[in-house]
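The file coords_2.cif contains mmCIF, C-alpha atoms:
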data_model
#
loop_
_atom_site.label_atom_id
_atom_site.label_comp_id
_atom_site.auth_asym_id
_atom_site.auth_seq_id
_atom_site.Cartn_x
_atom_site.Cartn_y
_atom_site.Cartn_z
CA MET V 1013 88.91 87.62 -41.27
CA LYS V 1014 87.40 89.70 -38.47
CA LYS V 1015 85.83 92.95 -39.58
CA LEU V 1016 87.37 95.89 -37.70
CA GLY V 1017 85.09 98.72 -36.57
CA ASN V 1018 87.19 101.62 -37.89
CA ARG V 1019 84.37 104.04 -38.46
CA GLY V 1020 85.82 106.75 -36.13
CA PHE V 1021 83.80 109.25 -34.09
CA THR V 1022 80.72 111.05 -35.22
CA ILE V 1023 80.61 114.84 -35.07
CA VAL V 1024 78.19 114.71 -32.09
CA GLU V 1025 80.58 112.52 -30.09
CA VAL V 1026 83.48 114.88 -30.80
CA ILE V 1027 81.45 117.95 -29.80
CA VAL V 1028 80.22 116.34 -26.56
CA CYS V 1029 83.80 115.34 -25.79
CA PHE V 1030 85.10 118.89 -26.39
CA VAL V 1031 82.38 120.46 -24.28
CA LEU V 1032 83.12 118.10 -21.40
CA LEU V 1033 86.82 118.77 -21.73
CA MET V 1034 86.25 122.53 -21.74
CA ILE V 1035 84.13 122.34 -18.61
CA ILE V 1036 86.81 120.36 -16.80
CA VAL V 1037 89.62 122.67 -17.97
CA THR V 1038 87.66 125.78 -16.92
CA ALA V 1039 87.04 124.34 -13.45
CA MET V 1040 90.70 123.35 -13.11
CA LEU V 1041 91.85 126.79 -14.28
CA LYS V 1042 89.73 128.48 -11.62
CA VAL V 1043 91.26 126.27 -8.92
CA ALA V 1044 94.77 126.80 -10.29
CA MET V 1045 94.31 130.57 -10.36
CA SER V 1046 93.13 130.64 -6.74
CA TYR V 1047 96.22 128.63 -5.75
CA ARG V 1048 98.39 131.07 -7.69
CA THR V 1049 96.97 134.00 -5.71
CA THR V 1050 97.48 132.06 -2.45
CA ALA V 1051 101.08 131.32 -3.43
CA GLN V 1052 101.69 134.99 -4.30
CA ASN V 1053 100.21 136.08 -0.97
CA LYS V 1054 102.36 133.56 0.92
CA GLU V 1055 105.48 134.86 -0.80
CA VAL V 1056 104.56 138.44 0.12
CA GLU V 1057 103.75 137.36 3.70
CA GLU V 1058 107.19 135.77 3.95
CA GLN V 1059 108.93 138.91 2.70
CA LEU V 1060 106.98 141.19 5.05
CA SER V 1061 107.63 138.88 8.02
CA MET V 1062 111.31 138.92 7.14
CA TYR V 1063 111.45 142.74 7.18
CA LYS V 1064 109.51 142.88 10.43
CA ASN V 1065 111.61 140.19 12.13
CA LEU V 1066 114.88 141.77 10.99
CA LEU V 1067 113.95 145.17 12.38
CA THR V 1068 112.52 143.73 15.63
CA LYS V 1069 115.68 141.67 16.12
CA ASP V 1070 118.05 144.58 15.39
CA VAL V 1071 116.31 146.96 17.81
CA ASN V 1072 116.03 144.35 20.59
CA LYS V 1073 119.64 143.23 20.04
CA ASP V 1074 120.81 146.83 20.60
CA ILE V 1075 118.62 147.11 23.71
CA LEU V 1076 120.04 143.88 25.15
CA GLU V 1077 123.69 144.30 24.14
CA ARG V 1078 124.22 148.03 24.60
CA GLY V 1079 121.68 148.40 27.40
CA LEU V 1080 118.85 150.88 27.02
CA GLU V 1081 119.11 154.01 29.13
CA SER V 1082 116.04 155.85 27.86
CA MET V 1083 113.79 156.53 24.88
CA GLN V 1084 112.28 159.83 23.85
CA ARG V 1085 110.39 161.43 20.99
CA CYS V 1086 112.51 163.31 18.48
CA SER V 1087 111.80 165.44 15.44
CA SER V 1088 112.54 164.39 11.90
CA SER V 1089 111.42 165.67 8.50
CA GLU V 1090 111.03 162.02 7.39
CA GLY V 1091 108.28 161.08 9.82
CA ARG V 1092 107.49 159.96 13.37
CA CYS V 1093 110.74 159.62 15.31
CA VAL V 1094 111.89 157.94 18.55
CA LYS V 1095 115.42 158.30 19.90
CA LEU V 1096 116.98 155.36 21.75
CA ASN V 1097 119.77 156.32 24.15
CA PHE V 1098 122.07 153.47 25.17
CA ILE V 1099 124.12 153.02 28.33
CA ASP V 1100 127.37 153.02 26.32
CA GLY V 1101 126.67 156.66 25.35
CA THR V 1102 125.54 155.93 21.79
CA PHE V 1103 122.08 156.59 20.39
CA LYS V 1104 119.97 155.56 17.41
CA ASP V 1105 116.91 157.11 15.81
CA PHE V 1106 113.89 154.99 14.92
CA ILE V 1107 111.92 156.81 12.21
CA LEU V 1108 108.67 155.61 10.69
CA ALA V 1109 108.48 157.46 7.39
CA ASP V 1110 105.27 159.39 6.81
CA VAL V 1111 103.19 158.66 3.75
CA ASN V 1112 100.57 160.45 1.78
CA VAL V 1113 97.65 158.06 2.14
CA PHE V 1114 96.23 159.16 -1.20
CA ASP V 1115 99.44 158.44 -3.09
CA ARG V 1116 100.04 154.83 -3.98
CA ASN V 1117 103.80 155.19 -4.54
CA SER V 1118 104.22 156.98 -1.26
CA VAL V 1119 102.39 154.17 0.59
CA GLN V 1120 104.29 151.43 -1.17
CA ASN V 1121 107.64 153.05 -0.36
CA LYS V 1122 106.89 153.00 3.36
CA TYR V 1123 109.97 152.32 5.45
CA VAL V 1124 111.53 152.54 8.88
CA ARG V 1125 114.95 154.07 9.24
CA TYR V 1126 116.76 152.69 12.25
CA GLY V 1127 120.31 153.80 13.00
CA GLY V 1128 120.63 155.15 9.46
CA ILE V 1129 119.62 151.84 7.86
CA LYS V 1130 116.44 151.75 5.78
CA TYR V 1131 114.11 148.79 6.43
CA PRO V 1132 111.34 148.51 3.82
CA MET V 1133 107.95 147.82 5.42
CA MET V 1134 105.95 147.32 2.23
CA LYS V 1135 106.13 145.11 -0.78
CA ASP V 1136 105.49 146.39 -4.30
CA GLU V 1137 103.96 143.16 -5.56
CA ILE V 1138 101.02 143.25 -3.13
CA PRO V 1139 97.90 142.32 -5.09
CA ASP V 1140 96.27 145.75 -5.14
CA VAL V 1141 93.05 145.42 -7.03
CA LEU V 1142 91.04 146.29 -3.94
CA SER V 1143 89.22 149.56 -3.62
CA GLU V 1144 90.13 152.32 -1.16
CA GLY V 1145 89.67 151.31 2.47
CA SER V 1146 87.25 152.91 4.86
CA ARG V 1147 89.45 153.56 7.90
CA PRO V 1148 91.89 156.46 8.45
CA GLY V 1149 95.30 155.37 7.25
CA ASP V 1150 93.87 153.01 4.65
CA TYR V 1151 95.18 153.05 1.16
CA GLN V 1152 93.55 150.43 -1.03
CA SER V 1153 94.10 147.21 0.92
CA ILE V 1154 96.75 148.60 3.27
CA TYR V 1155 96.13 149.96 6.77
CA ILE V 1156 98.85 151.85 8.63
CA SER V 1157 98.08 153.04 12.14
CA SER V 1158 98.13 156.79 12.49
CA GLY V 1159 98.99 158.70 15.66
CA ASP V 1160 101.79 158.33 18.15
CA ILE V 1161 104.12 155.35 17.83
CA PHE V 1162 105.88 155.97 21.14
CA ASP V 1163 104.74 155.58 24.72
CA ALA V 1164 106.52 155.67 28.09
CA THR V 1165 104.94 154.69 31.40
CA GLU V 1166 106.91 155.71 34.48
CA LEU V 1167 106.53 153.48 37.53
CA ASN V 1168 108.27 153.30 40.90
CA LEU V 1169 110.56 150.45 39.84
CA GLY V 1170 111.26 151.49 36.26
CA ILE V 1171 109.93 152.77 32.97
CA VAL V 1172 108.07 150.73 30.37
CA TYR V 1173 108.83 152.01 26.86
CA THR V 1174 106.80 151.05 23.80
CA ILE V 1175 107.29 151.58 20.08
CA GLU V 1176 104.20 150.37 18.30
CA PHE V 1177 102.43 150.68 14.98
CA LYS V 1178 100.26 148.40 12.85
CA ILE V 1179 100.56 147.55 9.18
CA GLU V 1180 97.76 145.33 7.93
CA TYR V 1181 96.76 144.20 4.47
CA ALA V 1182 93.27 143.17 3.55
CA ASP V 1183 94.60 140.16 1.64
CA LEU V 1184 96.99 138.94 4.33
CA ASP V 1185 96.11 137.56 7.76
CA ASP V 1186 98.76 139.16 9.94
CA ASP V 1187 100.07 142.42 11.36
CA TYR V 1188 103.40 143.42 9.83
CA GLY V 1189 103.91 146.48 12.02
CA ILE V 1190 106.36 146.78 14.90
CA HIS V 1191 105.56 146.13 18.57
CA ILE V 1192 108.51 146.65 20.88
CA THR V 1193 108.01 146.90 24.63
CA THR V 1194 110.91 147.08 27.01
CA LEU V 1195 111.28 147.56 30.72
CA VAL V 1196 114.14 149.74 31.99
CA LYS V 1197 114.80 149.29 35.70
CA LYS V 1198 115.52 152.36 37.81
CA MET H 1163 96.71 86.55 -38.45
CA LYS H 1164 96.51 87.25 -34.74
CA ASN H 1165 93.05 88.17 -33.61
CA SER H 1166 93.56 91.37 -31.60
CA ASN H 1167 91.15 92.22 -28.75
CA ASN H 1168 90.26 95.92 -29.19
CA ASN H 1169 87.16 96.00 -27.03
CA GLY H 1170 88.67 98.28 -24.31
CA PHE H 1171 87.24 98.43 -20.79
CA ILE H 1172 83.61 97.89 -20.03
CA LEU H 1173 81.72 100.49 -17.98
CA ALA H 1174 81.76 98.38 -14.80
CA GLU H 1175 85.57 98.08 -14.90
CA THR H 1176 85.99 101.82 -15.39
CA LEU H 1177 83.61 102.57 -12.54
CA VAL H 1178 85.40 100.19 -10.16
CA VAL H 1179 88.78 101.74 -10.96
CA THR H 1180 87.38 105.29 -10.63
CA VAL H 1181 85.82 104.53 -7.26
CA PHE H 1182 89.06 102.89 -6.09
CA VAL H 1183 91.16 105.92 -7.16
CA MET H 1184 88.68 108.30 -5.50
CA ILE H 1185 88.85 106.37 -2.24
CA MET H 1186 92.66 106.55 -2.41
CA PHE H 1187 92.56 110.34 -2.94
CA MET H 1188 90.03 110.79 -0.15
CA PHE H 1189 92.26 108.84 2.20
CA LEU H 1190 95.28 110.96 1.23
CA TYR H 1191 93.29 114.19 1.60
CA ARG H 1192 91.95 113.25 5.03
CA ASN H 1193 95.45 112.43 6.22
CA SER H 1194 97.12 115.52 4.83
CA LEU H 1195 94.48 118.01 6.01
CA PRO H 1196 95.61 118.08 9.69
CA LEU H 1197 99.11 119.02 8.50
CA VAL H 1198 97.77 122.33 7.19
CA GLY H 1199 96.21 123.07 10.59
CA GLU H 1200 99.46 122.07 12.27
CA TYR H 1201 101.39 124.50 10.08
CA GLU H 1202 98.92 127.31 10.82
CA ARG H 1203 99.31 126.63 14.57
CA ARG H 1204 103.10 126.52 14.48
CA LYS H 1205 103.20 129.88 12.73
CA ASN H 1206 102.17 131.29 16.12
CA TYR H 1207 104.88 129.50 18.10
CA ASP H 1208 108.09 131.25 19.14
CA ASP H 1209 107.88 134.17 16.73
CA ILE H 1210 110.53 136.80 17.34
CA GLU H 1211 108.14 139.40 18.81
CA THR H 1212 106.69 136.97 21.36
CA VAL H 1213 110.13 135.70 22.42
CA TYR H 1214 111.27 139.28 23.17
CA ALA H 1215 107.96 139.94 24.93
CA ALA H 1216 108.59 136.84 27.09
CA ASN H 1217 112.01 138.24 27.89
CA GLU H 1218 110.41 141.35 29.43
CA ILE H 1219 108.24 139.12 31.65
CA LYS H 1220 111.36 137.16 32.59
CA LYS H 1221 112.97 140.44 33.79
CA LEU H 1222 109.91 141.08 35.97
CA ILE H 1223 109.93 137.55 37.43
CA LEU H 1224 113.63 137.81 38.31
CA MET H 1225 113.03 141.18 40.04
CA ASP H 1226 110.68 139.57 42.56
CA PRO H 1227 112.26 138.40 45.85
CA ALA H 1228 109.69 135.59 45.87
CA PHE H 1229 111.47 133.91 42.98
CA ASP H 1230 113.17 131.35 45.27
CA SER H 1231 109.87 130.31 46.80
CA TRP H 1232 108.35 129.97 43.29
CA ALA H 1233 111.37 127.85 42.33
CA ASN H 1234 110.61 125.53 45.25
CA THR H 1235 107.01 125.22 44.12
CA VAL H 1236 108.24 124.36 40.63
CA LYS H 1237 110.56 121.66 42.05
CA ASN H 1238 107.60 120.02 43.83
CA ASP H 1239 104.69 120.68 41.45
CA TYR H 1240 106.65 121.04 38.16
CA TYR H 1241 105.07 124.43 37.49
CA LYS H 1242 103.99 127.74 39.02
CA ASP H 1243 101.23 129.78 37.39
CA LEU H 1244 102.20 133.48 37.46
CA SER H 1245 99.54 134.63 35.00
CA ASP H 1246 97.78 136.61 37.70
CA CYS H 1247 99.57 139.78 38.85
CA SER H 1248 98.45 139.15 42.46
CA ASN H 1249 101.22 136.51 42.69
CA TYR H 1250 103.90 139.20 42.88
CA SER H 1251 105.09 140.12 46.34
CA THR H 1252 104.99 143.93 46.33
CA ASP H 1253 102.53 146.55 45.11
CA ASP H 1254 105.14 148.07 42.80
CA LEU H 1255 105.74 144.71 41.14
CA ARG H 1256 102.02 144.06 40.82
CA ILE H 1257 101.51 147.45 39.14
CA MET H 1258 104.46 146.82 36.83
CA CYS H 1259 103.04 143.38 35.99
CA GLY H 1260 99.69 144.97 35.05
CA VAL H 1261 101.35 147.61 32.83
CA LEU H 1262 103.60 145.06 31.12
CA LYS H 1263 100.70 142.67 30.50
CA GLN H 1264 98.68 145.44 28.94
CA LYS H 1265 101.57 146.68 26.75
CA LEU H 1266 102.49 143.17 25.64
CA GLY H 1267 98.93 142.42 24.56
CA MET H 1268 98.08 139.87 27.24
CA ASP H 1269 94.45 139.10 28.14
CA THR H 1270 93.33 141.72 25.65
CA GLY H 1271 90.87 139.45 23.91
CA SER H 1272 88.60 136.71 25.13
CA LYS H 1273 91.50 134.25 25.21
CA LYS H 1274 93.32 133.67 28.51
CA ASP H 1275 97.05 134.32 28.32
CA TYR H 1276 99.68 132.57 30.42
CA ILE H 1277 102.87 133.17 32.35
CA LEU H 1278 103.99 129.75 33.58
CA LEU H 1279 107.27 129.04 35.33
CA VAL H 1280 107.96 125.37 34.63
CA THR H 1281 110.53 122.71 35.46
CA ASN H 1282 113.37 121.91 33.08
CA ASP H 1283 112.02 118.35 33.01
CA ILE H 1284 109.14 119.25 30.75
CA ASN H 1285 108.04 115.61 30.41
CA ARG H 1286 106.80 115.54 34.01
CA PHE H 1287 104.88 118.77 33.50
CA ARG H 1288 103.47 117.45 30.24
CA LEU H 1289 102.30 114.28 31.99
CA LYS H 1290 100.46 116.40 34.54
CA VAL H 1291 98.69 118.28 31.75
CA LYS H 1292 97.91 115.00 29.95
CA ARG H 1293 96.36 113.52 33.09
CA GLY H 1294 94.11 116.57 33.33
CA GLU H 1295 95.52 117.72 36.70
CA ILE H 1296 95.87 121.21 35.22
CA PHE H 1297 94.15 123.03 32.35
CA ASN H 1298 91.20 120.66 32.58
CA GLU H 1299 88.69 123.48 32.07
CA GLY H 1300 87.39 124.18 28.59
CA GLY H 1301 89.07 126.61 26.20
CA ARG H 1302 92.61 125.53 27.07
CA ARG H 1303 93.26 123.69 23.83
CA ALA H 1304 95.82 126.17 22.44
CA VAL H 1305 98.08 126.07 25.52
CA LYS H 1306 97.81 122.26 25.70
CA ASP H 1307 98.82 122.00 22.05
CA TYR H 1308 101.82 124.24 22.70
CA ILE H 1309 102.90 122.22 25.75
CA SER H 1310 102.74 118.99 23.76
CA TYR H 1311 104.85 120.64 21.04
CA LEU H 1312 107.66 121.74 23.41
CA PRO H 1313 111.01 119.96 23.11
CA SER H 1314 111.86 117.43 25.83
CA ILE H 1315 114.71 118.72 27.95
CA THR H 1316 115.27 116.51 30.98
CA SER H 1317 117.32 117.10 34.12
CA HIS H 1318 120.04 114.95 32.52
CA THR H 1319 120.60 117.43 29.72
CA ALA H 1320 119.89 120.65 31.64
CA GLY H 1321 121.02 121.71 35.08
CA TYR H 1322 118.71 120.98 38.01
CA ASP H 1323 118.27 124.65 38.87
CA GLN H 1324 117.11 125.73 35.44
CA TYR H 1325 113.58 126.89 34.88
CA TYR H 1326 111.61 127.76 31.80
CA LEU H 1327 108.93 130.25 31.04
CA ILE H 1328 105.85 129.44 28.96
CA PHE H 1329 104.35 132.69 27.80
CA SER H 1330 101.38 133.60 25.61
CA ARG H 1331 99.90 136.84 24.32
CA THR H 1332 96.94 137.62 22.09
CA GLU H 1333 97.07 139.69 18.94
CA ILE H 1334 93.83 141.24 17.73
CA LEU H 1335 93.92 141.62 13.98
CA ASP H 1336 91.58 143.40 11.60
CA ILE H 1337 91.10 141.09 8.67
CA GLY H 1338 89.69 142.78 5.59
CA LYS H 1339 87.93 140.93 2.82
CA GLN H 1340 86.50 142.58 -0.24
CA LYS H 1341 82.75 142.29 -0.59
CA GLU H 1342 81.56 143.81 -3.85
CA GLU H 1343 82.84 147.41 -3.88
CA GLU H 1344 84.06 147.79 -0.30
CA ILE H 1345 86.36 146.07 2.18
CA VAL H 1346 84.63 144.59 5.19
CA TYR H 1347 86.78 144.22 8.31
CA THR H 1348 86.39 141.51 10.91
CA LYS H 1349 88.34 141.05 14.14
CA LYS H 1350 90.48 137.94 14.53
CA GLN H 1351 92.31 136.85 17.67
CA VAL H 1352 95.62 135.06 17.36
CA GLN H 1353 97.25 133.55 20.44
CA LYS H 1354 101.04 133.42 20.21
CA PHE H 1355 103.33 131.35 22.43
CA ALA H 1356 106.98 131.45 23.44
CA TYR H 1357 109.27 129.31 25.58
CA LEU H 1358 112.28 130.82 27.29
CA GLU H 1359 114.99 129.74 29.72
CA VAL H 1360 115.01 131.52 33.09
CA ASN H 1361 118.25 131.69 35.05
CA ARG H 1362 118.90 133.73 38.12
#
Transcribe the structure of this file into structure tokens.
Amino acid sequence: MKKLGNRGFTIVEVIVCFVLLMIIVTAMLKVAMSYRTTAQNKEVEEQLSMYKNLLTKDVNKDILERGLESMQRCSSSEGRCVKLNFIDGTFKDFILADVNVFDRNSVQNKYVRYGGIKYPMMKDEIPDVLSEGSRPGDYQSIYISSGDIFDATELNLGIVYTIEFKIEYADLDDDYGIHITTLVKK
Amino acid sequence: MKNSNNNGFILAETLVVTVFVMIMFMFLYRNSLPLVGEYERRKNYDDIETVYAANEIKKLILMDPAFDSWANTVKNDYYKDLSDCSNYSTDDLRIMCGVLKQKLGMDTGSKKDYILLVTNDINRFRLKVKRGEIFNEGGRRAVKDYISYLPSITSHTAGYDQYYLIFSRTEILDIGKQKEEEIVYTKKQVQKFAYLEVNR
């Protein structure tokens, strides 16, 4: 009868095996974690793009369907305000809510109110381990452009109106602010 | 009793299989990598902001009395390049073109942005680009990629007097990355494209 080699592993073999396994698992974990962060960022990017697209579409839809007569600055306790007057006699206010740049909750509750509807412009689940930014308007990884959001350039043939502000995140490669430019013929 | 063979694989066998599997993975990786780039590029095609921006340029084009002559050029040459404001027929239109281009973020970076009035038979225009009759200078890769991506609408499916607008603008982004204790910002230029029907 053939003698079977059933001696099993020695302690050294088992230890070497475990060490190798641990090294592989650690490397895999690092890769998996980086993919998890990427996936989280992509999800946030999608949400922010959705808010931005929805607001851009709603404002432009009103401009196209109702016909824009004029735009002007207005005053609001909520923040920076632009009033859109339509040809059909109606109007809507576009308000970018002000934030306290030193207050995290205030920044993360940033919104635009357009025609009474609140459009959130931030996402709570933004990875926010980053330190305070260096530019004005920065809070941690978030940059919101300060200053005027409205501009009107009067020309002989018409007026070019602009509503514009930037929202950028250090972790995300896009601008989630609003950029609306429209030409109103005289 | 049956003599069982419990020797397992020898080193050479294991190595051959490992190398074979690695070659397979490398092949898969090399083939799937361009898809990521393709996705990144298409993110910048026909986004809502650029489509509305193109609509403002369309308004300007339709205001110009020279539109009919541009349409004739398009019928013969399959495209008319209106990227330069000097194409417009009056001073007022040229000034308005300059203001609109600036507000819409055109030519703000080092990338050249386009306003192209093209034929509805995009295949003919595409062929012209492919042959290198236009955009044969360097640095035109992004617009060429966009033109090759455009859907084929021929004169059979669209009316003969329909024209399309190919429009691009450049966004300058501040991309922040954390380095040790502070965020370091770098500028990044993203060229966005849109395609829009133009009807008088």
Point-to-point distance from atom CA of H:Ile1337 to atom CA of V:Asp1185, Å rounded to tenths
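Atom CA of V:Asp1185 lies 6.2 Å from atom CA of H:Ile1337.
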Go through V:Asp1110, V:Asp1070, V:Glu1081, V:Glu1090 one by one, measure the shortest atom-to-atom distance of each to chain H using only C-alpha atoms, and give the residue with the smallest value.
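Among V:Asp1110, V:Asp1070, V:Glu1081, V:Glu1090, it is V:Asp1070 that comes nearest to chain H.
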Selection result of the PyMOL selection byres ((chain H and resi 1330) around 6) on this file, as JSON, numbers by chain:
{"H": [1275, 1276, 1329, 1331, 1354, 1355]}
Counting only C-alpha atoms, the residue among H:Glu1299, H:Asp1323, H:Glu1202, H:Asp1246 that lies closest to H:Gln1353 is H:Glu1202
Return as a tab-separated table the residues of chain H lying at most 10 Å from chain V, together with the closest atom-to-atom pair for each and the distance in Å to one decimal, counting all atoms listed in the file, with rows in chain order and ascending residue number.
residue	atom	partner	partner_atom	distance
H:Met1163	CA	V:Met1013	CA	8.4
H:Asn1165	CA	V:Lys1014	CA	7.6
H:Ser1166	CA	V:Lys1014	CA	9.4
H:Asn1168	CA	V:Leu1016	CA	9.0
H:Asp1209	CA	V:Asn1065	CA	8.4
H:Ile1210	CA	V:Asn1065	CA	6.3
H:Glu1211	CA	V:Thr1068	CA	6.9
H:Thr1212	CA	V:His1191	CA	9.6
H:Tyr1214	CA	V:Asn1072	CA	7.4
H:Ala1215	CA	V:Thr1193	CA	7.0
H:Asn1217	CA	V:Thr1194	CA	9.0
H:Glu1218	CA	V:Thr1194	CA	6.2
H:Ile1219	CA	V:Leu1195	CA	9.0
H:Lys1221	CA	V:Leu1195	CA	7.9
H:Leu1222	CA	V:Leu1195	CA	8.5
H:Met1225	CA	V:Lys1197	CA	9.4
H:Asp1253	CA	V:Asn1168	CA	9.8
H:Asp1254	CA	V:Asn1168	CA	6.4
H:Leu1255	CA	V:Leu1169	CA	7.6
H:Ile1257	CA	V:Leu1167	CA	8.0
H:Met1258	CA	V:Leu1167	CA	7.0
H:Val1261	CA	V:Val1172	CA	7.8
H:Leu1262	CA	V:Val1172	CA	7.3
H:Lys1265	CA	V:Thr1193	CA	6.8
H:Leu1266	CA	V:Thr1193	CA	6.7
H:Gly1267	CA	V:His1191	CA	9.7
H:Glu1333	CA	V:Asp1187	CA	8.6
H:Ile1334	CA	V:Asp1187	CA	9.0
H:Leu1335	CA	V:Asp1187	CA	6.7
H:Asp1336	CA	V:Glu1180	CA	7.4
H:Ile1337	CA	V:Ala1182	CA	5.9
H:Gly1338	CA	V:Ala1182	CA	4.1
H:Lys1339	CA	V:Ala1182	CA	5.8
H:Gln1340	CA	V:Leu1142	CA	6.9
H:Lys1341	CA	V:Leu1142	CA	9.8
H:Glu1342	CA	V:Ser1143	CA	9.6
H:Glu1343	CA	V:Ser1143	CA	6.7
H:Glu1344	CA	V:Ser1143	CA	6.4
H:Ile1345	CA	V:Gly1145	CA	6.2
H:Val1346	CA	V:Ser1146	CA	8.7
H:Tyr1347	CA	V:Ala1182	CA	8.1
H:Lys1350	CA	V:Asp1185	CA	8.8
H:Val1352	CA	V:Asp1186	CA	9.0
To one decimal in Å, tell me the separation between atom CA of H:Ser1251 and atom CA of H:Thr1235.
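Result for atom CA of H:Ser1251 versus atom CA of H:Thr1235: 15.2 Å, one decimal.
The shortest atom-to-atom distance to V:Tyr1123, with all atoms listed in the file taken into account, belongs to V:Val1111 out of V:Glu1055, V:Val1111, V:Ala1044, V:Arg1019.
Atom pair atom CA of V:Tyr1126 / atom CA of V:Phe1106 has a distance of 4.5 Å (rounded to one decimal).
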Decode the PyMOL selection byres ((chain V and resi 1108) around 6) for the given file into explicit residues and return them as a ChimeraX atom specification.
/V:1091-1092,1107,1109,1124
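Each of V:Tyr1188, V:Tyr1047, V:Phe1162, V:Phe1030 was checked against V:Val1094 using all atoms listed in the file; the smallest atom-to-atom distance is that of V:Phe1162.
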Quick one: which residues end up in the PyMOL selection byres ((chain H and resi 1290) around 12) for this structure, as a list in words?
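Selection result, ordered by chain and number: Asp1239, Tyr1240, Tyr1241, Val1280, Thr1281, Asp1283, Ile1284, Asn1285, Arg1286, Phe1287, Arg1288, Leu1289, Val1291, Lys1292, Arg1293, Gly1294, Glu1295, Ile1296, Phe1297, Asn1298, Lys1306, Ile1309 and Ser1310 of chain H.
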Using only C-alpha atoms, which residues sit within 9 Å of H:Arg1362 once same-chain residues fewer than 4 positions away are excluded, as a PDB file with C-alpha atoms, in the coordinates of the input?
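Saved to part34.pdb:
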ATOM      1  CA  LEU H1224     113.630 137.810  38.310  1.00  0.00           C
ATOM      2  CA  PHE H1229     111.470 133.910  42.980  1.00  0.00           C
ATOM      3  CA  GLN H1324     117.110 125.730  35.440  1.00  0.00           C
TER       4      GLN H1324
END
Pick the closest to H:Tyr1308 from H:Thr1176, H:Asn1206, H:Thr1270, H:Asn1169: which is it, counting all atoms listed in the file?
H:Asn1206
Completion step: stretch 1092-1096 of chain V with all heavy atoms as a JSON list (two decimals), keeping the file's coordinate frame:
[["chain", "number", "residue", "atom", "x", "y", "z"],
["V", 1092, "ARG", "N", 107.56, 160.10, 11.91],
["V", 1092, "ARG", "CA", 107.49, 159.96, 13.37],
["V", 1092, "ARG", "C", 108.79, 159.36, 13.88],
["V", 1092, "ARG", "O", 109.24, 158.33, 13.36],
["V", 1092, "ARG", "CB", 106.30, 159.07, 13.73],
["V", 1092, "ARG", "CG", 104.96, 159.77, 13.50],
["V", 1092, "ARG", "CD", 103.81, 158.81, 13.59],
["V", 1092, "ARG", "NE", 103.47, 158.24, 12.30],
["V", 1092, "ARG", "CZ", 102.49, 157.37, 12.11],
["V", 1092, "ARG", "NH1", 101.76, 156.95, 13.12],
["V", 1092, "ARG", "NH2", 102.23, 156.90, 10.91],
["V", 1093, "CYS", "N", 109.37, 159.98, 14.92],
["V", 1093, "CYS", "CA", 110.74, 159.62, 15.31],
["V", 1093, "CYS", "C", 110.85, 159.33, 16.81],
["V", 1093, "CYS", "O", 110.25, 160.02, 17.64],
["V", 1093, "CYS", "CB", 111.64, 160.80, 14.92],
["V", 1093, "CYS", "SG", 113.34, 160.66, 15.47],
["V", 1094, "VAL", "N", 111.60, 158.28, 17.15],
["V", 1094, "VAL", "CA", 111.89, 157.94, 18.55],
["V", 1094, "VAL", "C", 113.40, 157.77, 18.68],
["V", 1094, "VAL", "O", 114.03, 157.09, 17.85],
["V", 1094, "VAL", "CB", 111.20, 156.61, 18.97],
["V", 1094, "VAL", "CG1", 111.48, 156.29, 20.43],
["V", 1094, "VAL", "CG2", 109.70, 156.66, 18.71],
["V", 1095, "LYS", "N", 113.97, 158.40, 19.71],
["V", 1095, "LYS", "CA", 115.42, 158.30, 19.90],
["V", 1095, "LYS", "C", 115.71, 157.30, 21.02],
["V", 1095, "LYS", "O", 115.15, 157.40, 22.11],
["V", 1095, "LYS", "CB", 115.95, 159.69, 20.27],
["V", 1095, "LYS", "CG", 117.46, 159.77, 20.32],
["V", 1095, "LYS", "CD", 117.87, 161.19, 20.64],
["V", 1095, "LYS", "CE", 119.37, 161.34, 20.61],
["V", 1095, "LYS", "NZ", 119.79, 162.69, 20.98],
["V", 1096, "LEU", "N", 116.58, 156.35, 20.74],
["V", 1096, "LEU", "CA", 116.98, 155.36, 21.75],
["V", 1096, "LEU", "C", 118.37, 155.70, 22.26],
["V", 1096, "LEU", "O", 119.33, 155.74, 21.47],
["V", 1096, "LEU", "CB", 117.01, 153.94, 21.14],
["V", 1096, "LEU", "CG", 115.66, 153.29, 20.85],
["V", 1096, "LEU", "CD1", 115.10, 153.75, 19.51],
["V", 1096, "LEU", "CD2", 115.80, 151.77, 20.83]]
